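Here's structure.csv, which has CSV, C-alpha atoms and all ligand atoms:
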```
chain,number,residue,atom,x,y,z
A,1,MET,CA,-114.6,-60.4,79.1
A,2,ARG,CA,-112.7,-57.2,78.8
A,3,VAL,CA,-114.0,-53.8,79.5
A,4,LYS,CA,-115.5,-52.4,76.3
A,5,LYS,CA,-113.7,-49.3,75.5
A,6,GLU,CA,-112.6,-49.3,71.9
A,7,GLY,CA,-109.7,-47.2,70.7
A,8,TRP,CA,-109.4,-45.5,67.4
A,9,LEU,CA,-107.7,-48.4,65.6
A,10,GLU,CA,-109.9,-51.0,67.3
A,11,GLU,CA,-113.0,-49.3,66.3
A,12,ARG,CA,-112.0,-49.4,62.6
A,13,VAL,CA,-109.9,-52.5,62.2
A,14,ASN,CA,-111.3,-54.8,65.0
A,15,LEU,CA,-108.1,-56.5,65.9
A,16,GLU,CA,-109.4,-58.0,69.1
A,17,PRO,CA,-110.4,-61.4,67.7
A,18,ILE,CA,-107.0,-61.8,66.1
A,19,ARG,CA,-105.3,-60.9,69.4
A,20,ALA,CA,-107.5,-63.2,71.3
A,21,SER,CA,-106.9,-66.2,69.0
A,22,LEU,CA,-103.2,-65.6,69.0
A,23,LEU,CA,-102.7,-64.9,72.7
A,24,ASP,CA,-105.8,-66.2,74.6
A,25,ARG,CA,-105.1,-69.8,73.6
A,26,LYS,CA,-105.8,-72.7,75.8
A,27,ILE,CA,-102.5,-74.3,76.9
A,28,PRO,CA,-102.6,-77.9,78.0
A,29,LYS,CA,-101.5,-78.9,81.5
A,30,GLY,CA,-97.8,-79.7,82.0
A,31,VAL,CA,-96.5,-77.3,79.4
A,32,GLY,CA,-93.4,-75.6,80.6
A,33,TRP,CA,-90.0,-74.2,79.8
A,34,LEU,CA,-89.2,-77.0,77.3
A,35,GLN,CA,-92.0,-75.6,75.1
A,36,THR,CA,-90.4,-72.2,74.9
A,37,LEU,CA,-87.5,-73.4,72.8
A,38,GLY,CA,-89.3,-72.6,69.6
A,39,SER,CA,-90.0,-69.0,70.7
A,40,ALA,CA,-86.3,-68.7,71.7
A,41,THR,CA,-85.3,-69.9,68.2
A,42,LEU,CA,-87.6,-67.3,66.7
A,43,ILE,CA,-86.1,-64.5,68.9
A,44,THR,CA,-82.6,-65.4,67.7
A,45,PHE,CA,-83.9,-65.3,64.1
A,46,VAL,CA,-85.3,-61.8,64.7
A,47,ALA,CA,-81.9,-60.7,66.2
A,48,LEU,CA,-80.2,-62.2,63.2
A,49,VAL,CA,-82.4,-60.4,60.7
A,50,VAL,CA,-81.9,-57.0,62.5
A,51,THR,CA,-78.1,-57.4,62.9
A,52,GLY,CA,-77.8,-59.0,59.5
A,53,VAL,CA,-79.5,-56.1,57.7
A,54,MET,CA,-77.3,-53.7,59.6
A,55,LEU,CA,-74.2,-55.7,58.5
A,56,THR,CA,-75.2,-55.5,54.8
A,57,MET,CA,-74.9,-51.8,55.1
A,58,ASN,CA,-71.1,-52.0,55.5
A,59,TYR,CA,-70.2,-55.4,54.0
A,60,SER,CA,-68.7,-55.8,50.6
A,61,ASN,CA,-69.2,-59.1,48.9
A,62,SER,CA,-66.1,-59.0,46.7
A,63,PRO,CA,-62.9,-60.9,47.5
A,64,ASP,CA,-60.9,-57.7,47.3
A,65,HIS,CA,-63.0,-56.0,49.9
A,66,ALA,CA,-64.8,-58.6,52.0
A,67,TYR,CA,-62.2,-59.0,54.7
A,68,ASP,CA,-61.4,-55.3,54.9
A,69,SER,CA,-65.0,-54.3,55.1
A,70,VAL,CA,-65.5,-56.7,58.0
A,71,GLN,CA,-62.5,-55.2,59.8
A,72,TYR,CA,-64.0,-51.8,59.1
A,73,ILE,CA,-67.2,-52.9,60.8
A,74,GLU,CA,-65.3,-54.4,63.7
A,75,ASN,CA,-62.9,-51.4,64.3
A,76,GLU,CA,-64.4,-48.2,63.0
A,77,VAL,CA,-68.2,-48.2,62.8
A,78,THR,CA,-69.9,-47.3,66.1
A,79,TYR,CA,-71.0,-50.5,67.8
A,80,GLY,CA,-70.0,-52.5,64.7
A,81,TRP,CA,-68.3,-55.0,66.9
A,82,LEU,CA,-71.5,-55.4,68.9
A,83,ILE,CA,-73.7,-55.8,65.9
A,84,ARG,CA,-71.4,-58.3,64.3
A,85,GLY,CA,-70.9,-60.1,67.7
A,86,VAL,CA,-74.6,-60.5,68.2
A,87,HIS,CA,-74.9,-61.8,64.6
A,88,HIS,CA,-72.1,-64.3,65.2
A,89,TRP,CA,-73.3,-65.6,68.5
A,90,ALA,CA,-77.0,-65.6,67.6
A,91,ALA,CA,-76.2,-67.7,64.5
A,92,SER,CA,-74.6,-70.4,66.7
A,93,GLY,CA,-77.5,-69.9,69.2
A,94,MET,CA,-80.1,-70.4,66.5
A,95,VAL,CA,-78.6,-73.7,65.4
A,96,VAL,CA,-78.4,-75.0,68.9
A,97,LEU,CA,-81.9,-73.9,69.9
A,98,ALA,CA,-83.4,-75.2,66.7
A,99,VAL,CA,-81.9,-78.6,67.3
A,100,LEU,CA,-83.0,-78.6,70.9
A,101,HIS,CA,-86.5,-77.6,69.8
A,102,GLY,CA,-86.6,-80.4,67.3
A,103,LEU,CA,-85.3,-82.9,69.9
A,104,ARG,CA,-88.0,-81.8,72.4
A,105,THR,CA,-90.6,-82.3,69.8
A,106,LEU,CA,-89.2,-85.7,68.9
A,107,PHE,CA,-89.0,-87.0,72.4
A,108,SER,CA,-92.4,-85.7,73.5
A,109,GLY,CA,-94.0,-87.2,70.5
A,110,ALA,CA,-95.4,-83.9,69.5
A,111,TYR,CA,-94.7,-84.5,65.8
A,112,LYS,CA,-97.5,-87.1,65.6
A,113,TYR,CA,-101.1,-86.7,64.3
A,114,PRO,CA,-102.3,-84.0,63.8
A,115,ARG,CA,-99.0,-82.1,63.7
A,116,GLU,CA,-97.1,-84.0,61.0
A,117,LEU,CA,-97.1,-81.0,58.7
A,118,THR,CA,-95.8,-78.7,61.4
A,119,TRP,CA,-93.0,-81.3,61.9
A,120,ILE,CA,-92.1,-81.5,58.2
A,121,VAL,CA,-92.0,-77.7,57.9
A,122,GLY,CA,-89.8,-77.7,61.0
A,123,VAL,CA,-87.4,-80.1,59.5
A,124,LEU,CA,-87.1,-78.0,56.4
A,125,LEU,CA,-86.5,-75.0,58.6
A,126,LEU,CA,-83.7,-76.8,60.4
A,127,LEU,CA,-82.1,-77.6,57.0
A,128,LEU,CA,-82.4,-73.9,56.0
A,129,VAL,CA,-80.9,-72.8,59.3
A,130,MET,CA,-77.9,-75.1,58.6
A,131,GLY,CA,-77.7,-73.6,55.1
A,132,ALA,CA,-77.7,-70.1,56.5
A,133,ALA,CA,-75.0,-70.9,59.0
A,134,PHE,CA,-72.8,-72.6,56.4
A,135,THR,CA,-73.1,-69.8,53.8
A,136,GLY,CA,-72.6,-67.1,56.4
A,137,TYR,CA,-69.4,-68.8,57.5
A,138,LEU,CA,-67.6,-67.9,54.3
A,139,LEU,CA,-68.5,-64.2,54.3
A,140,PRO,CA,-65.7,-62.9,56.6
A,141,TRP,CA,-63.3,-64.2,53.9
A,142,ASP,CA,-60.5,-65.1,56.2
A,143,GLN,CA,-58.5,-68.3,56.2
A,144,LYS,CA,-60.9,-70.2,58.5
A,145,ALA,CA,-63.9,-69.2,56.3
A,146,TYR,CA,-62.1,-70.1,53.1
A,147,TRP,CA,-61.0,-73.5,54.2
A,148,ALA,CA,-64.2,-74.4,55.9
A,149,THR,CA,-66.0,-73.7,52.6
A,150,VAL,CA,-63.4,-75.8,50.7
A,151,VAL,CA,-64.1,-78.7,53.0
A,152,GLY,CA,-67.8,-78.1,53.1
A,153,THR,CA,-68.3,-78.0,49.4
A,154,ASN,CA,-66.0,-81.0,48.9
A,155,ILE,CA,-68.3,-82.9,51.2
A,156,ALA,CA,-71.2,-82.0,48.9
A,157,GLY,CA,-69.1,-83.0,46.0
A,158,GLU,CA,-68.7,-86.6,47.4
A,159,VAL,CA,-72.4,-87.3,47.0
A,160,PRO,CA,-72.8,-90.1,44.4
A,161,VAL,CA,-74.0,-89.2,40.9
A,162,VAL,CA,-75.0,-85.5,41.5
A,163,GLY,CA,-71.9,-84.6,43.6
A,164,GLY,CA,-70.0,-82.9,40.8
A,165,PHE,CA,-73.1,-80.9,39.8
A,166,VAL,CA,-73.8,-79.8,43.3
A,167,LEU,CA,-70.2,-78.8,43.9
A,168,LYS,CA,-70.1,-76.5,40.8
A,169,LEU,CA,-73.6,-75.2,41.7
A,170,LEU,CA,-72.4,-74.1,45.1
A,171,ARG,CA,-69.0,-72.8,44.0
A,172,GLY,CA,-70.3,-71.1,40.9
A,173,GLY,CA,-67.5,-72.9,39.1
A,174,GLU,CA,-64.7,-75.4,39.6
A,175,SER,CA,-62.9,-73.5,42.4
A,176,ILE,CA,-63.8,-71.2,45.2
A,177,GLY,CA,-63.4,-67.5,44.3
A,178,ALA,CA,-65.3,-64.3,43.6
A,179,VAL,CA,-68.3,-66.1,42.2
A,180,THR,CA,-68.5,-68.4,45.2
A,181,LEU,CA,-68.5,-65.4,47.6
A,182,VAL,CA,-71.3,-63.6,45.7
A,183,ARG,CA,-73.4,-66.8,45.5
A,184,PHE,CA,-73.0,-67.5,49.2
A,185,TYR,CA,-73.8,-63.9,50.0
A,186,SER,CA,-77.0,-64.1,47.9
A,187,LEU,CA,-78.0,-67.3,49.5
A,188,HIS,CA,-77.2,-66.1,53.0
A,189,ALA,CA,-78.7,-62.6,52.8
A,190,ALA,CA,-81.6,-63.0,50.4
A,191,ILE,CA,-82.7,-66.5,49.4
A,192,ILE,CA,-82.4,-68.4,52.6
A,193,PRO,CA,-83.9,-65.6,54.9
A,194,ILE,CA,-86.9,-65.3,52.5
A,195,LEU,CA,-87.5,-69.1,52.7
A,196,ILE,CA,-87.0,-69.2,56.4
A,197,THR,CA,-89.5,-66.3,56.9
A,198,THR,CA,-92.1,-68.0,54.7
A,199,LEU,CA,-91.7,-71.4,56.4
A,200,ILE,CA,-91.7,-69.8,59.9
A,201,SER,CA,-95.0,-68.2,59.0
A,202,ILE,CA,-96.5,-71.5,58.0
A,203,HIS,CA,-95.0,-73.2,61.1
A,204,LEU,CA,-96.5,-70.6,63.4
A,205,PHE,CA,-99.8,-70.6,61.7
A,206,LEU,CA,-100.0,-74.4,62.2
A,207,VAL,CA,-99.0,-74.1,65.9
A,208,VAL,CA,-101.7,-71.5,66.6
A,209,ARG,CA,-104.3,-73.3,64.5
A,210,ILE,CA,-103.7,-76.8,65.9
A,211,GLY,CA,-102.6,-75.9,69.4
A,212,ILE,CA,-99.8,-77.1,71.5
A,213,ALA,CA,-99.5,-80.8,72.1
A,214,ALA,CA,-100.3,-81.9,75.6
A,215,PRO,CA,-97.4,-83.6,77.3
A,216,GLN,CA,-98.0,-87.4,77.5
A,217,ARG,CA,-98.5,-88.8,80.9
A,218,ARG,CA,-97.8,-92.3,82.1
A,219,GLY,CA,-100.6,-94.8,81.6
A,220,LYS,CA,-102.7,-92.4,79.6
A,221,THR,CA,-103.4,-92.5,76.0
A,222,HIS,CA,-103.6,-88.9,75.3
A,223,SER,CA,-105.8,-87.3,72.8
A,224,ALA,CA,-103.7,-85.2,70.6
A,225,VAL,CA,-106.4,-82.7,69.6
A,226,GLU,CA,-106.7,-79.7,71.8
A,227,SER,CA,-109.7,-77.5,71.8
A,228,ARG,CA,-108.9,-74.2,70.4
B,1,MET,CA,-111.0,-61.1,85.9
B,2,GLY,CA,-112.6,-58.5,83.8
B,3,ASN,CA,-114.4,-56.7,86.6
B,4,ALA,CA,-111.1,-55.7,88.2
B,5,LYS,CA,-111.6,-52.2,86.9
B,6,GLN,CA,-115.1,-51.9,88.3
B,7,GLN,CA,-113.9,-52.8,91.8
B,8,GLY,CA,-112.2,-49.5,92.4
B,9,THR,CA,-110.1,-46.9,90.6
B,10,ASP,CA,-107.2,-47.1,93.1
B,11,GLN,CA,-106.9,-50.8,92.8
B,12,ILE,CA,-104.9,-52.1,89.8
B,13,GLY,CA,-106.0,-55.5,88.7
B,14,ARG,CA,-103.6,-58.3,88.2
B,15,ARG,CA,-104.1,-58.3,84.4
B,16,ILE,CA,-103.4,-54.6,84.1
B,17,PHE,CA,-100.4,-54.8,86.4
B,18,LEU,CA,-98.9,-57.7,84.4
B,19,ARG,CA,-99.6,-56.0,81.1
B,20,ASN,CA,-97.9,-52.8,82.2
B,21,SER,CA,-94.9,-54.7,83.6
B,22,VAL,CA,-94.5,-56.6,80.4
B,23,LEU,CA,-94.8,-53.4,78.3
B,24,THR,CA,-92.3,-51.6,80.6
B,25,ILE,CA,-89.7,-54.4,80.7
B,26,GLY,CA,-90.2,-55.1,77.0
B,27,GLY,CA,-89.8,-51.4,76.2
B,28,ALA,CA,-86.6,-51.2,78.2
B,29,ILE,CA,-85.1,-54.2,76.5
B,30,ALA,CA,-86.1,-52.9,73.1
B,31,ALA,CA,-84.5,-49.5,73.9
B,32,ILE,CA,-81.3,-51.0,75.2
B,33,LEU,CA,-81.0,-53.3,72.1
B,34,GLY,CA,-82.1,-50.6,69.7
B,35,TYR,CA,-79.7,-48.0,70.9
B,36,PRO,CA,-76.5,-49.6,69.4
B,37,VAL,CA,-78.4,-50.4,66.2
B,38,VAL,CA,-79.4,-46.7,65.8
B,39,ARG,CA,-75.9,-45.6,66.6
B,40,TYR,CA,-74.5,-48.0,64.0
B,41,PHE,CA,-77.0,-46.8,61.4
B,42,ILE,CA,-76.3,-43.1,61.8
B,43,PHE,CA,-72.5,-43.5,62.2
B,44,PRO,CA,-71.5,-41.9,58.9
B,45,ALA,CA,-73.5,-38.8,59.6
B,46,VAL,CA,-72.1,-38.2,63.1
B,47,LYS,CA,-68.5,-39.5,63.0
B,48,GLY,CA,-67.1,-36.0,62.3
B,49,GLU,CA,-64.3,-35.2,59.9
B,50,GLU,CA,-61.2,-37.3,60.2
B,51,ALA,CA,-58.1,-35.3,60.9
B,52,LYS,CA,-56.2,-35.4,57.7
B,53,ALA,CA,-52.6,-36.7,58.0
B,54,PHE,CA,-49.8,-34.5,56.8
B,55,THR,CA,-47.9,-35.7,53.7
B,56,GLN,CA,-44.3,-34.9,53.1
B,57,ILE,CA,-44.0,-33.3,49.7
B,58,ALA,CA,-40.4,-31.9,49.4
B,59,ARG,CA,-37.4,-30.6,51.2
B,60,VAL,CA,-37.0,-26.9,51.6
B,61,SER,CA,-33.4,-27.1,50.2
B,62,GLN,CA,-34.7,-28.6,46.9
B,63,LEU,CA,-36.8,-25.6,46.0
B,64,PRO,CA,-35.6,-22.2,44.7
B,65,VAL,CA,-36.2,-19.2,46.9
B,66,SER,CA,-39.0,-16.8,46.0
B,67,VAL,CA,-39.9,-18.7,42.8
B,68,PRO,CA,-43.2,-20.7,42.9
B,69,THR,CA,-42.6,-24.3,42.1
B,70,PHE,CA,-45.2,-26.9,41.2
B,71,VAL,CA,-44.7,-29.9,43.4
B,72,THR,CA,-46.5,-33.2,42.9
B,73,TYR,CA,-47.0,-35.7,45.6
B,74,GLU,CA,-49.1,-38.7,46.5
B,75,GLU,CA,-51.6,-38.9,49.3
B,76,ARG,CA,-53.3,-41.9,50.9
B,77,ILE,CA,-57.1,-41.5,50.7
B,78,LYS,CA,-59.2,-43.7,53.0
B,79,ASP,CA,-62.8,-44.4,51.8
B,80,GLY,CA,-64.4,-46.7,54.3
B,81,TRP,CA,-62.3,-49.8,54.0
B,82,VAL,CA,-60.7,-48.9,50.7
B,83,VAL,CA,-57.4,-47.1,50.8
B,84,THR,CA,-56.2,-45.6,47.6
B,85,THR,CA,-53.4,-43.2,46.6
B,86,LYS,CA,-54.2,-40.0,44.8
B,87,SER,CA,-51.8,-37.8,42.9
B,88,LEU,CA,-52.0,-34.2,44.0
B,89,GLY,CA,-50.0,-31.1,43.3
B,90,ALA,CA,-49.4,-27.7,44.9
B,91,TRP,CA,-47.7,-24.5,44.1
B,92,VAL,CA,-45.0,-24.0,46.7
B,93,VAL,CA,-43.3,-20.7,47.5
B,94,VAL,CA,-40.2,-20.7,49.7
B,95,LYS,CA,-39.4,-17.3,51.2
B,96,ASN,CA,-36.8,-18.6,53.5
B,97,GLU,CA,-35.9,-21.6,55.6
B,98,THR,CA,-39.0,-21.3,57.8
B,99,SER,CA,-41.4,-19.3,55.8
B,100,VAL,CA,-43.0,-21.6,53.2
B,101,VAL,CA,-46.5,-21.3,51.6
B,102,ALA,CA,-48.3,-23.9,49.5
B,103,PHE,CA,-51.2,-23.0,47.3
B,104,ASP,CA,-54.0,-25.3,46.2
B,105,PRO,CA,-53.5,-25.6,42.5
B,106,HIS,CA,-57.1,-24.7,41.6
B,107,CYS,CA,-58.1,-21.2,40.7
B,108,THR,CA,-60.6,-19.8,43.2
B,109,HIS,CA,-62.9,-18.7,40.4
B,110,LEU,CA,-64.1,-22.0,38.8
B,111,GLY,CA,-61.3,-24.4,39.6
B,112,CYS,CA,-59.0,-24.2,36.6
B,113,ALA,CA,-55.4,-25.1,36.9
B,114,TYR,CA,-53.4,-21.8,36.9
B,115,TYR,CA,-49.6,-21.4,36.2
B,116,TRP,CA,-46.7,-19.2,37.2
B,117,ASN,CA,-45.6,-16.7,34.6
B,118,PRO,CA,-42.0,-15.7,35.6
B,119,ASP,CA,-41.9,-12.8,33.1
B,120,ARG,CA,-44.9,-11.0,34.6
B,121,ASN,CA,-44.1,-12.4,38.1
B,122,ARG,CA,-47.8,-13.4,38.4
B,123,PHE,CA,-50.0,-16.5,38.6
B,124,LEU,CA,-52.2,-16.6,35.5
B,125,CYS,CA,-55.4,-18.5,35.1
B,126,PRO,CA,-55.9,-19.4,31.4
B,127,CYS,CA,-59.7,-19.9,31.7
B,128,HIS,CA,-61.0,-16.4,32.4
B,129,ALA,CA,-57.7,-14.4,32.7
B,130,GLY,CA,-57.6,-14.4,36.5
B,131,VAL,CA,-54.3,-12.9,37.8
B,132,PHE,CA,-52.8,-13.5,41.3
B,133,ASP,CA,-49.5,-12.2,42.8
B,134,ILE,CA,-46.9,-14.4,44.5
B,135,ASP,CA,-48.8,-14.2,47.8
B,136,GLY,CA,-52.0,-15.5,46.1
B,137,ASN,CA,-53.8,-12.1,46.2
B,138,VAL,CA,-56.1,-11.4,43.3
B,139,ILE,CA,-54.7,-8.7,41.0
B,140,SER,CA,-57.4,-8.8,38.3
B,141,GLY,CA,-60.0,-10.9,36.7
B,142,PRO,CA,-63.1,-12.8,38.1
B,143,PRO,CA,-61.6,-14.8,41.0
B,144,PRO,CA,-63.6,-13.9,44.1
B,145,ARG,CA,-60.9,-14.5,46.7
B,146,PRO,CA,-57.1,-15.2,47.1
B,147,LEU,CA,-55.7,-18.6,46.3
B,148,ASP,CA,-56.5,-21.3,48.8
B,149,ARG,CA,-53.6,-22.4,50.9
B,150,LEU,CA,-52.7,-25.9,52.2
B,151,GLU,CA,-52.1,-26.5,55.9
B,152,LEU,CA,-48.3,-26.6,56.1
B,153,ARG,CA,-45.6,-27.5,58.4
B,154,VAL,CA,-41.8,-27.3,58.1
B,155,ASP,CA,-40.2,-30.1,60.1
B,156,GLY,CA,-36.4,-30.5,60.0
B,157,GLY,CA,-36.2,-29.1,56.5
B,158,ASN,CA,-39.1,-31.2,55.2
B,159,ILE,CA,-42.3,-29.6,53.9
B,160,LEU,CA,-45.5,-31.3,55.0
B,161,VAL,CA,-48.9,-30.4,53.8
B,162,GLY,CA,-52.4,-31.2,55.2
B,163,LYS,CA,-55.8,-30.2,54.0
B,164,THR,CA,-56.8,-27.2,51.9
B,165,ILE,CA,-58.0,-24.2,53.9
B,166,THR,CA,-60.4,-22.1,51.9
B,167,SER,CA,-59.1,-18.5,52.1
B,168,ASN,CA,-61.6,-16.0,53.2
B,169,SER,CA,-62.3,-13.2,50.7
B,170,GLY,CA,-61.2,-9.7,51.6
B,171,GLN,CA,-58.7,-10.2,54.4
B,172,GLN,CA,-55.7,-11.3,52.4
B,173,LYS,CA,-56.8,-9.3,49.4
B,174,ASN,CA,-56.4,-6.0,51.3
B,175,GLY,CA,-53.2,-7.0,53.1
A,301,LIG,S1,-61.3,-20.4,36.5
A,301,LIG,FE1,-59.6,-19.1,36.8
A,301,LIG,S2,-60.3,-17.2,36.1
A,301,LIG,FE2,-62.1,-18.4,35.9
```
For the structure just supplied, provide its representation as structure tokens.
Amino acid sequence: MRVKKEGWLEERVNLEPIRASLLDRKIPKGVGWLQTLGSATLITFVALVVTGVMLTMNYSNSPDHAYDSVQYIENEVTYGWLIRGVHHWAASGMVVLAVLHGLRTLFSGAYKYPRELTWIVGVLLLLLVMGAAFTGYLLPWDQKAYWATVVGTNIAGEVPVVGGFVLKLLRGGESIGAVTLVRFYSLHAAIIPILITTLISIHLFLVVRIGIAAPQRRGKTHSAVESR
Amino acid sequence: MGNAKQQGTDQIGRRIFLRNSVLTIGGAIAAILGYPVVRYFIFPAVKGEEAKAFTQIARVSQLPVSVPTFVTYEERIKDGWVVTTKSLGAWVVVKNETSVVAFDPHCTHLGCAYYWNPDRNRFLCPCHAGVFDIDGNVISGPPPRPLDRLELRVDGGNILVGKTITSNSGQQKNG
């Protein structure tokens, strides 16, 4: 019980039950640092969105200007090096953390009933994170970016039957050029972030709704359902 | 837990203490992270004007003495990450080896291109009949102030110009 003293907002909107159901959840025994990997992944995503939006302010997605605009961000805009640096490292960090989060879920068996849907959404999220990392890699438009995308799209092109179609779909044509850069930019800065945000919302809703899986203990068949 | 507050006003409950700690530390982290973002965002508004580089436009020896000459030159313009060259011109008057003046080629009335008329020994503006003398002073017509000059340096016989300095009305007019 909290002391009843309602503020202006609380009196009108009554947010307390929402706060309570989000934060005053019962957490099973044995939950520890390993269960924070998901939140850590979320934090890197927030950092990526903030720095990414800032980068769009000075980035030009055309082959003539992409490289120079990145150099402009690095060398001339105040803290541009920091914003881009955080974006760069948080991108790698998010991939690593998402994988670790998935591995933890796998090895602790937390994907089982009743959390199958959370798991499936999580796997889709991992694929989207990979997609964001891959499309973002091209944007600096330097040698490394260019050839990584040549190789990456060639790999997609090797897929039986649909390979050629996927290759042209990704590149926006036969070869890598202006259209590829704009397509990747659109995927990286608009389409994929929207999908990730949507799926994260579903993922989090399910986590809160179903509750965190209790770690399994030796010799105990654990009941998966936690009281909310 | 909830009755921590009732126990006494000078005693801060654990819940309150933790909440305040989280808010303080969280706020500090947000401020530290937010500062560079804000600075990045407002950069164009606070960066200040870049010092314009001087461009070499001619050699003193190439120009006639005391006869205004129209000199064209190219200047590198930096727009963010885009560097372009722009063709510009100036009316240059050489008095002697060291005394050189360059006028911005736009009339101070409404910006028309004026020209030098050697017969009348005046700069004439075709738009509204503005007339200036060889020093840029207004002789007649609607121009509100003398011709604008360019920042100018003579360096080893080379004439270099920088940005346009808007002349202030009156001063040169009288002098
Ligand atoms: S613009 Fe030159 S006199 Fe009006």
Original post:
Can you tell me which residues sit at most 12 Å away from ligand LIG 301 (chain A), counting all atoms listed in the file, written as a ChimeraX atom specification?
Top reply: /B:105-115,123-132,138-147
**OP:** Point out the residue among A:Lys168, A:Arg84, A:His101, A:Arg217 with the least atom-to-atom distance to chain B, counting only C-alpha atoms.
**Re:**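 When distances to chain B are compared using only C-alpha atoms, the smallest one comes from A:Arg84.
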As AutoDock Vina command-line options, please: the centre and edge lengths in Å, to one decimal, of an axis-aligned box enclosing every listed atom of stretch 85-88 of chain A with 3 Å added on each side.
```
--center_x -72.9 --center_y -62.2 --center_z 66.4 --size_x 10.0 --size_y 10.2 --size_z 9.6
```
So that each row is one residue of chain B with an atom at most 12 Å from chain A, can you give its shortest atom pair and the distance in Å to one decimal, using all atoms listed in the file, rows by chain and rising number, as a tab-separated table?
```
residue	atom	partner	partner_atom	distance
B:Met1	CA	A:Met1	CA	7.7
B:Gly2	CA	A:Arg2	CA	5.2
B:Asn3	CA	A:Val3	CA	7.7
B:Ala4	CA	A:Val3	CA	9.4
B:Lys5	CA	A:Val3	CA	7.9
B:Gln6	CA	A:Val3	CA	9.1
B:Arg15	CA	A:Arg2	CA	10.3
B:Ile16	CA	A:Arg2	CA	11.0
B:Ala30	CA	A:Ala47	CA	11.2
B:Leu33	CA	A:Ala47	CA	9.5
B:Gly34	CA	A:Val50	CA	9.6
B:Tyr35	CA	A:Tyr79	CA	9.6
B:Pro36	CA	A:Tyr79	CA	5.8
B:Val37	CA	A:Ile83	CA	7.2
B:Val38	CA	A:Tyr79	CA	9.4
B:Arg39	CA	A:Thr78	CA	6.3
B:Tyr40	CA	A:Thr78	CA	5.1
B:Phe41	CA	A:Met54	CA	7.1
B:Ile42	CA	A:Thr78	CA	8.8
B:Phe43	CA	A:Thr78	CA	6.0
B:Pro44	CA	A:Val77	CA	8.1
B:Ala45	CA	A:Val77	CA	11.3
B:Val46	CA	A:Thr78	CA	9.8
B:Lys47	CA	A:Thr78	CA	8.5
B:Glu50	CA	A:Glu76	CA	11.7
B:Lys78	CA	A:Tyr72	CA	11.2
B:Asp79	CA	A:Tyr72	CA	10.5
B:Gly80	CA	A:Tyr72	CA	7.0
B:Trp81	CA	A:Ser69	CA	5.4
B:Val82	CA	A:His65	CA	7.5
B:Val83	CA	A:Asp68	CA	10.0
```
**OP:** Dump as a count of residues only all residues having an atom at most 7 Å from (-84.3, -74.6, 76.4), computed in the file's coordinates with all atoms listed in the file.
**Re:** 6
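Put simply, atom CA of B:Ile57 is 5.6 Å away from atom CA of B:Tyr73.
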Subject >> Selection as a PyMOL selection string: residues within 12 Å of (-37.7, -21.2, 56.8), counting only C-alpha atoms >> reply: chain B and resi 59-61+63+65-66+93-101+152-159
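Taking atom CA of A:Ala98 as the reference point, atom CA of A:Val46 is found at 13.7 Å.
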Original post:
Which neighbours of A:Val123 fall inside 10 Å, counting all atoms listed in the file, when residues of the same chain fewer than 4 positions from it are skipped, and could you give them as a list in words?
Top reply: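 My reading of the contact set: Ala98, Val99, Gly102, Leu117, Thr118, Trp119, Leu127, Leu128 and Val129 of chain A.
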Write a file of the selected residues as an mmCIF file, in the coordinates of the input, keeping C-alpha atoms.
```
data_model
loop_
_atom_site.group_PDB
_atom_site.id
_atom_site.type_symbol
_atom_site.label_atom_id
_atom_site.label_comp_id
_atom_site.auth_asym_id
_atom_site.auth_seq_id
_atom_site.Cartn_x
_atom_site.Cartn_y
_atom_site.Cartn_z
ATOM 1 C CA ALA A 98 -83.400 -75.200 66.700
ATOM 2 C CA VAL A 99 -81.900 -78.600 67.300
ATOM 3 C CA GLY A 102 -86.600 -80.400 67.300
ATOM 4 C CA LEU A 117 -97.100 -81.000 58.700
ATOM 5 C CA THR A 118 -95.800 -78.700 61.400
ATOM 6 C CA TRP A 119 -93.000 -81.300 61.900
ATOM 7 C CA LEU A 127 -82.100 -77.600 57.000
ATOM 8 C CA LEU A 128 -82.400 -73.900 56.000
ATOM 9 C CA VAL A 129 -80.900 -72.800 59.300
#
```
Original post:
Could you state the separation of atom CA of A:Ser108 and atom CA of A:Met94 in Å, given to one decimal place?
Top reply: 20.8 Å
